[in-house]
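Text of target21.cif (mmCIF, C-alpha atoms) as supplied:
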data_work
#
loop_
_atom_site.group_PDB
_atom_site.id
_atom_site.type_symbol
_atom_site.label_atom_id
_atom_site.label_comp_id
_atom_site.auth_asym_id
_atom_site.auth_seq_id
_atom_site.Cartn_x
_atom_site.Cartn_y
_atom_site.Cartn_z
ATOM 1 C CA MET S 1 53.888 256.965 152.453
ATOM 2 C CA PRO S 2 51.079 256.693 149.892
ATOM 3 C CA ARG S 3 48.567 253.864 149.955
ATOM 4 C CA VAL S 4 47.118 251.901 147.077
ATOM 5 C CA LEU S 5 44.345 249.330 146.904
ATOM 6 C CA LYS S 6 45.219 245.678 146.438
ATOM 7 C CA ALA S 7 43.066 242.712 145.520
ATOM 8 C CA ILE S 8 42.210 240.338 148.318
ATOM 9 C CA ARG S 9 40.445 237.016 147.935
ATOM 10 C CA LEU S 10 38.643 235.398 150.855
ATOM 11 C CA ASP S 11 37.322 232.505 148.765
ATOM 12 C CA ARG S 12 37.298 231.326 145.141
ATOM 13 C CA SER S 13 34.118 233.149 144.117
ATOM 14 C CA ASP S 14 35.947 235.790 142.035
ATOM 15 C CA THR S 15 37.309 233.031 139.783
ATOM 16 C CA HIS S 16 33.717 232.001 139.024
ATOM 17 C CA VAL S 17 31.879 235.321 138.761
ATOM 18 C CA PHE S 18 34.349 237.300 136.632
ATOM 19 C CA ALA S 19 35.589 236.436 133.145
ATOM 20 C CA LYS S 20 39.113 237.090 134.466
ATOM 21 C CA ALA S 21 39.837 237.332 138.181
ATOM 22 C CA ALA S 22 42.596 239.491 139.635
ATOM 23 C CA ALA S 23 45.181 237.620 141.669
ATOM 24 C CA PRO S 24 45.467 238.437 145.365
ATOM 25 C CA GLY S 25 47.943 241.246 145.954
ATOM 26 C CA GLU S 26 47.530 242.917 142.567
ATOM 27 C CA VAL S 27 47.063 246.692 142.706
ATOM 28 C CA VAL S 28 43.480 247.589 141.777
ATOM 29 C CA LEU S 29 41.376 250.664 141.169
ATOM 30 C CA PRO S 30 37.635 251.136 140.725
ATOM 31 C CA GLY S 31 37.913 250.973 136.925
ATOM 32 C CA SER S 32 34.548 252.478 136.037
ATOM 33 C CA PHE S 33 36.092 253.793 132.812
ATOM 34 C CA ALA S 34 35.902 250.209 131.506
ATOM 35 C CA PHE S 35 32.118 250.573 131.267
ATOM 36 C CA GLN S 36 31.775 254.039 129.700
ATOM 37 C CA ALA S 37 30.746 252.582 126.333
ATOM 38 C CA TYR S 38 27.874 250.556 127.795
ATOM 39 C CA GLY S 39 24.345 251.424 128.748
ATOM 40 C CA GLY S 40 22.496 249.792 131.606
ATOM 41 C CA GLY S 41 20.848 247.184 129.394
ATOM 42 C CA ASP S 42 24.039 246.312 127.510
ATOM 43 C CA LEU S 43 25.620 244.386 130.359
ATOM 44 C CA SER S 44 24.945 240.782 131.235
ATOM 45 C CA GLY S 45 26.617 237.784 132.827
ATOM 46 C CA LYS S 46 30.187 238.129 134.014
ATOM 47 C CA LEU S 47 30.601 241.566 132.460
ATOM 48 C CA ARG S 48 27.613 242.791 134.459
ATOM 49 C CA GLN S 49 29.111 241.291 137.621
ATOM 50 C CA ALA S 50 32.347 243.201 136.991
ATOM 51 C CA PHE S 51 30.333 246.386 136.491
ATOM 52 C CA VAL S 52 28.219 245.943 139.606
ATOM 53 C CA SER S 53 30.949 244.982 142.085
ATOM 54 C CA GLY S 54 34.427 244.800 140.584
ATOM 55 C CA PHE S 55 37.745 246.534 141.132
ATOM 56 C CA LEU S 56 40.076 246.385 138.111
ATOM 57 C CA SER S 57 43.624 245.059 138.443
ATOM 58 C CA LEU S 58 46.424 247.166 137.006
ATOM 59 C CA GLU S 59 48.586 244.081 136.456
ATOM 60 C CA THR S 60 46.398 241.509 134.689
ATOM 61 C CA PHE S 61 43.304 243.689 134.169
ATOM 62 C CA GLY S 62 41.227 241.056 135.920
ATOM 63 C CA TRP S 63 38.550 241.853 138.497
ATOM 64 C CA THR S 64 38.178 241.407 142.245
ATOM 65 C CA THR S 65 35.245 241.915 144.587
ATOM 66 C CA LEU S 66 37.268 243.138 147.564
ATOM 67 C CA ALA S 67 40.216 245.481 147.942
ATOM 68 C CA THR S 68 42.398 246.372 150.894
ATOM 69 C CA PRO S 69 44.804 249.294 151.352
ATOM 70 C CA ALA S 70 48.570 248.792 151.367
ATOM 71 C CA ASP S 71 51.478 251.192 151.665
ATOM 72 C CA THR S 72 53.685 251.672 148.619
ATOM 73 C CA GLY S 73 56.401 253.912 147.243
ATOM 74 C CA GLU S 74 56.491 256.658 144.650
ATOM 75 C CA ALA S 75 58.387 254.475 142.160
ATOM 76 C CA GLU S 76 55.554 251.927 142.152
ATOM 77 C CA ILE S 77 52.985 254.688 141.719
ATOM 78 C CA ASP S 78 54.888 256.085 138.728
ATOM 79 C CA ALA S 79 54.994 252.576 137.207
ATOM 80 C CA LEU S 80 51.242 252.154 137.790
ATOM 81 C CA ARG S 81 50.529 255.442 136.018
ATOM 82 C CA GLU S 82 52.580 254.351 133.006
ATOM 83 C CA ARG S 83 50.959 250.901 132.952
ATOM 84 C CA LEU S 84 47.469 252.405 132.994
ATOM 85 C CA ALA S 85 48.374 254.940 130.293
ATOM 86 C CA GLU S 86 49.633 252.058 128.114
ATOM 87 C CA HIS S 87 46.348 250.236 128.743
ATOM 88 C CA PHE S 88 44.390 253.309 127.639
ATOM 89 C CA VAL S 89 46.337 253.358 124.362
ATOM 90 C CA GLU S 90 46.165 249.586 123.776
ATOM 91 C CA ARG S 91 42.603 248.883 124.906
ATOM 92 C CA TYR S 92 40.633 252.122 124.720
ATOM 93 C CA GLY S 93 42.145 253.849 121.707
ATOM 94 C CA ALA S 94 43.877 256.808 123.334
ATOM 95 C CA PRO S 95 45.841 258.438 120.496
ATOM 96 C CA ASP S 96 49.211 258.265 122.275
ATOM 97 C CA MET S 97 50.906 258.121 125.670
ATOM 98 C CA ASP S 98 50.986 261.915 125.985
ATOM 99 C CA ALA S 99 47.191 261.996 125.747
ATOM 100 C CA ALA S 100 46.750 258.979 128.034
ATOM 101 C CA ARG S 101 49.092 260.008 130.865
ATOM 102 C CA PRO S 102 46.963 262.792 132.417
ATOM 103 C CA VAL S 103 43.892 260.548 132.464
ATOM 104 C CA ALA S 104 45.891 257.671 133.974
ATOM 105 C CA ARG S 105 47.359 260.033 136.569
ATOM 106 C CA ALA S 106 43.868 261.191 137.573
ATOM 107 C CA GLU S 107 42.602 257.595 137.915
ATOM 108 C CA ILE S 108 45.610 256.553 140.017
ATOM 109 C CA ASP S 109 45.413 259.700 142.153
ATOM 110 C CA ASP S 110 41.716 259.037 142.851
ATOM 111 C CA MET S 111 42.568 255.480 143.945
ATOM 112 C CA ILE S 112 45.375 256.753 146.197
ATOM 113 C CA GLU S 113 42.999 259.266 147.785
ATOM 114 C CA LEU S 114 40.431 256.528 148.401
ATOM 115 C CA ALA S 115 43.029 254.149 149.865
ATOM 116 C CA GLY S 116 44.637 256.889 151.962
ATOM 117 C CA GLY S 117 41.462 257.317 153.985
ATOM 118 C CA LEU S 118 41.401 253.655 155.028
ATOM 119 C CA ALA S 119 43.232 251.781 157.762
ATOM 120 C CA ILE S 120 45.445 248.855 156.796
ATOM 121 C CA ASN S 121 43.448 245.558 156.712
ATOM 122 C CA THR S 122 40.188 247.336 155.884
ATOM 123 C CA LEU S 123 38.058 245.463 153.351
ATOM 124 C CA LEU S 124 36.506 247.716 150.729
ATOM 125 C CA ALA S 125 33.713 246.882 148.290
ATOM 126 C CA VAL S 126 32.163 248.861 145.454
ATOM 127 C CA LYS S 127 28.630 248.989 144.100
ATOM 128 C CA ARG S 128 27.926 250.521 140.691
ATOM 129 C CA GLU S 129 24.792 251.354 138.796
ATOM 130 C CA PHE S 130 23.659 253.493 135.911
ATOM 131 C CA ASP S 131 21.540 256.438 136.973
ATOM 132 C CA GLU S 132 18.494 257.736 135.084
ATOM 133 C CA ASN S 133 20.777 259.814 132.803
ATOM 134 C CA GLY S 134 22.981 256.848 131.911
ATOM 135 C CA SER S 135 25.887 258.032 134.074
ATOM 136 C CA ILE S 136 27.749 255.569 136.265
ATOM 137 C CA ARG S 137 27.297 256.000 140.015
ATOM 138 C CA GLU S 138 29.742 254.367 142.425
ATOM 139 C CA GLN S 139 29.347 253.757 146.118
ATOM 140 C CA PHE S 140 32.131 252.367 148.268
ATOM 141 C CA HIS S 141 31.585 250.658 151.561
ATOM 142 C CA VAL S 142 33.712 249.040 154.216
ATOM 143 C CA VAL S 143 32.957 245.382 154.754
ATOM 144 C CA THR S 144 32.674 244.641 158.460
ATOM 145 C CA PRO S 145 32.226 241.298 160.190
ATOM 146 C CA PRO S 146 28.981 240.596 162.033
ATOM 147 C CA ALA S 147 28.820 242.094 165.534
ATOM 148 C CA GLY S 148 31.073 240.257 167.939
ATOM 149 C CA GLU S 149 32.937 238.346 165.204
ATOM 150 C CA ILE S 150 36.304 239.989 164.689
ATOM 151 C CA HIS S 151 37.852 236.970 162.976
ATOM 152 C CA ALA S 152 37.551 233.240 162.637
ATOM 153 C CA ARG S 153 39.782 231.040 164.736
ATOM 154 C CA VAL S 154 42.190 229.159 162.494
ATOM 155 C CA TRP S 155 44.208 227.352 165.176
ATOM 156 C CA ASP S 156 44.758 227.102 168.914
ATOM 157 C CA VAL S 157 48.029 227.374 170.774
ATOM 158 C CA SER S 158 48.627 224.833 173.506
ATOM 159 C CA GLU S 159 51.427 224.341 176.009
ATOM 160 C CA ASP S 160 54.043 221.655 175.305
ATOM 161 C CA GLU S 161 53.762 218.762 177.696
#
Turn the structure described in the file into structure tokens.
Amino acid sequence: MPRVLKAIRLDRSDTHVFAKAAAPGEVVLPGSFAFQAYGGGDLSGKLRQAFVSGFLSLETFGWTTLATPADTGEAEIDALRERLAEHFVERYGAPDMDAARPVARAEIDDMIELAGGLAINTLLAVKREFDENGSIREQFHVVTPPAGEIHARVWDVSEDE
């Protein structure tokens, strides 16, 4: 079964740092294509934050800082490819769906490949920068808790008296 990346929110910071935040559970991809028209000095504020550390939602086209892999089916993947192709036509000026579909397929396939190499419940972050030639460089890294801290205790279980 293929895996996709989904937005996950551990706190409310995404709603403050991005112009539009992705909702938890939305399918996301790196989305570097959203910044192809910019140079390193052209980005500031919330747009720069999205560039530096955001994954792009395929539902609301909002941004999230963290993504986690989730299993999905082929029907959802086909729908994601169509949705992204529509976005390329509507937002980025692709001439038509026939021209946009192969590019959308490649973007979705790259996300599936990235997600497929991760265990369920892994937290993934991205860091982007422009290199000296003006090309976008991405680095992905797994977010791990500090040594010895697997999770925070939310509640205790006690015996009934």
**Message:** Which residues are near His87 in chain S? Cut-off 12 Å, only C-alpha atoms, ignore same chain within fewer than 4 positions. Put them as a list in words.
**Reply:** Gly31, Phe33, Ala34, Leu56, Ser57, Leu58, Glu59, Thr60, Phe61, Leu80, Arg81, Glu82, Arg83, Arg91, Tyr92, Gly93, Ala94, Pro95, Asp96, Met97, Ala100, Arg101, Val103 and Ala104 of chain S
Apply the PyMOL selection byres ((chain S and resi 135) around 12) to the file shown and report the selected residues as a PDB file with C-alpha atoms, keeping the file's coordinate frame.
ATOM      1  CA  SER S  32      34.548 252.478 136.037  1.00  0.00           C
ATOM      2  CA  PHE S  33      36.092 253.793 132.812  1.00  0.00           C
ATOM      3  CA  PHE S  35      32.118 250.573 131.267  1.00  0.00           C
ATOM      4  CA  GLN S  36      31.775 254.039 129.700  1.00  0.00           C
ATOM      5  CA  ALA S  37      30.746 252.582 126.333  1.00  0.00           C
ATOM      6  CA  TYR S  38      27.874 250.556 127.795  1.00  0.00           C
ATOM      7  CA  GLY S  39      24.345 251.424 128.748  1.00  0.00           C
ATOM      8  CA  GLY S  40      22.496 249.792 131.606  1.00  0.00           C
ATOM      9  CA  ARG S 128      27.926 250.521 140.691  1.00  0.00           C
ATOM     10  CA  GLU S 129      24.792 251.354 138.796  1.00  0.00           C
ATOM     11  CA  PHE S 130      23.659 253.493 135.911  1.00  0.00           C
ATOM     12  CA  ASP S 131      21.540 256.438 136.973  1.00  0.00           C
ATOM     13  CA  GLU S 132      18.494 257.736 135.084  1.00  0.00           C
ATOM     14  CA  ASN S 133      20.777 259.814 132.803  1.00  0.00           C
ATOM     15  CA  GLY S 134      22.981 256.848 131.911  1.00  0.00           C
ATOM     16  CA  ILE S 136      27.749 255.569 136.265  1.00  0.00           C
ATOM     17  CA  ARG S 137      27.297 256.000 140.015  1.00  0.00           C
ATOM     18  CA  GLU S 138      29.742 254.367 142.425  1.00  0.00           C
TER      19      GLU S 138
END
Can you give me, as a PDB file with C-alpha atoms, in the coordinates of the input, the residues this file yields under the PyMOL selection byres ((chain S and resi 12) around 12)?
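Contents of out19.pdb, freshly written:
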ATOM      1  CA  ILE S   8      42.210 240.338 148.318  1.00  0.00           C
ATOM      2  CA  ARG S   9      40.445 237.016 147.935  1.00  0.00           C
ATOM      3  CA  LEU S  10      38.643 235.398 150.855  1.00  0.00           C
ATOM      4  CA  ASP S  11      37.322 232.505 148.765  1.00  0.00           C
ATOM      5  CA  SER S  13      34.118 233.149 144.117  1.00  0.00           C
ATOM      6  CA  ASP S  14      35.947 235.790 142.035  1.00  0.00           C
ATOM      7  CA  THR S  15      37.309 233.031 139.783  1.00  0.00           C
ATOM      8  CA  HIS S  16      33.717 232.001 139.024  1.00  0.00           C
ATOM      9  CA  VAL S  17      31.879 235.321 138.761  1.00  0.00           C
ATOM     10  CA  PHE S  18      34.349 237.300 136.632  1.00  0.00           C
ATOM     11  CA  ALA S  21      39.837 237.332 138.181  1.00  0.00           C
ATOM     12  CA  ALA S  22      42.596 239.491 139.635  1.00  0.00           C
ATOM     13  CA  ALA S  23      45.181 237.620 141.669  1.00  0.00           C
ATOM     14  CA  PRO S  24      45.467 238.437 145.365  1.00  0.00           C
ATOM     15  CA  THR S  64      38.178 241.407 142.245  1.00  0.00           C
ATOM     16  CA  THR S  65      35.245 241.915 144.587  1.00  0.00           C
TER      17      THR S  65
END
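With distances restricted to only C-alpha atoms, S:Val28 is the closest residue to Ile108 in chain S from S:Ile120, S:Val28, S:Val89, S:Ala50.
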Residues matched by the PyMOL selection byres ((chain S and resi 2) around 12), written as an mmCIF file with C-alpha atoms, in the frame of the given file:
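File written: result20.cif
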data_model
loop_
_atom_site.group_PDB
_atom_site.id
_atom_site.type_symbol
_atom_site.label_atom_id
_atom_site.label_comp_id
_atom_site.auth_asym_id
_atom_site.auth_seq_id
_atom_site.Cartn_x
_atom_site.Cartn_y
_atom_site.Cartn_z
ATOM 1 C CA MET S 1 53.888 256.965 152.453
ATOM 2 C CA ARG S 3 48.567 253.864 149.955
ATOM 3 C CA VAL S 4 47.118 251.901 147.077
ATOM 4 C CA LEU S 5 44.345 249.330 146.904
ATOM 5 C CA PRO S 69 44.804 249.294 151.352
ATOM 6 C CA ALA S 70 48.570 248.792 151.367
ATOM 7 C CA ASP S 71 51.478 251.192 151.665
ATOM 8 C CA THR S 72 53.685 251.672 148.619
ATOM 9 C CA GLY S 73 56.401 253.912 147.243
ATOM 10 C CA GLU S 74 56.491 256.658 144.650
ATOM 11 C CA ALA S 75 58.387 254.475 142.160
ATOM 12 C CA GLU S 76 55.554 251.927 142.152
ATOM 13 C CA ILE S 77 52.985 254.688 141.719
ATOM 14 C CA ASP S 78 54.888 256.085 138.728
ATOM 15 C CA ILE S 108 45.610 256.553 140.017
ATOM 16 C CA ASP S 109 45.413 259.700 142.153
ATOM 17 C CA ASP S 110 41.716 259.037 142.851
ATOM 18 C CA MET S 111 42.568 255.480 143.945
ATOM 19 C CA ILE S 112 45.375 256.753 146.197
ATOM 20 C CA GLU S 113 42.999 259.266 147.785
ATOM 21 C CA LEU S 114 40.431 256.528 148.401
ATOM 22 C CA ALA S 115 43.029 254.149 149.865
ATOM 23 C CA GLY S 116 44.637 256.889 151.962
ATOM 24 C CA GLY S 117 41.462 257.317 153.985
ATOM 25 C CA LEU S 118 41.401 253.655 155.028
ATOM 26 C CA ILE S 120 45.445 248.855 156.796
#
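The shortest atom-to-atom distance to Ala79 in chain S, with only C-alpha atoms taken into account, belongs to S:Val27 out of S:Ser53, S:Thr122, S:Trp63, S:Val27.
If you look at CA of Gly54 in chain S and CA of Val143 in chain S, they are 14.3 Å away from each other.
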**Request:** Would you mind reading off the distance between CA of Val142 in chain S and CA of Ala125 in chain S, one decimal, in Å?
**Result:** 6.3 Å
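Pairwise distance (CA of Gly62 in chain S, CA of Leu47 in chain S) equals 11.2 Å.
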If you take every atom of range 115-120 of chain S that the file lists and fit an axis-aligned box around them with 4 Å extra on each side, what centre and edge lengths come out in Å to one decimal, as JSON?
{"center_x": 43.4, "center_y": 253.1, "center_z": 153.8, "size_x": 12.0, "size_y": 16.5, "size_z": 15.9}
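Proximity to Ala99 in chain S was assessed for S:Ala7, S:Ala85, S:Leu43, S:Leu66 counting all atoms listed in the file; the smallest distance is recorded for S:Ala85.
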**Request:** Can you work out which one of S:Ala19, S:Arg105, S:Asn121, S:Thr68 has the shortest atom-to-atom distance to Phe51 in chain S, counting all atoms listed in the file?
**Result:** S:Ala19
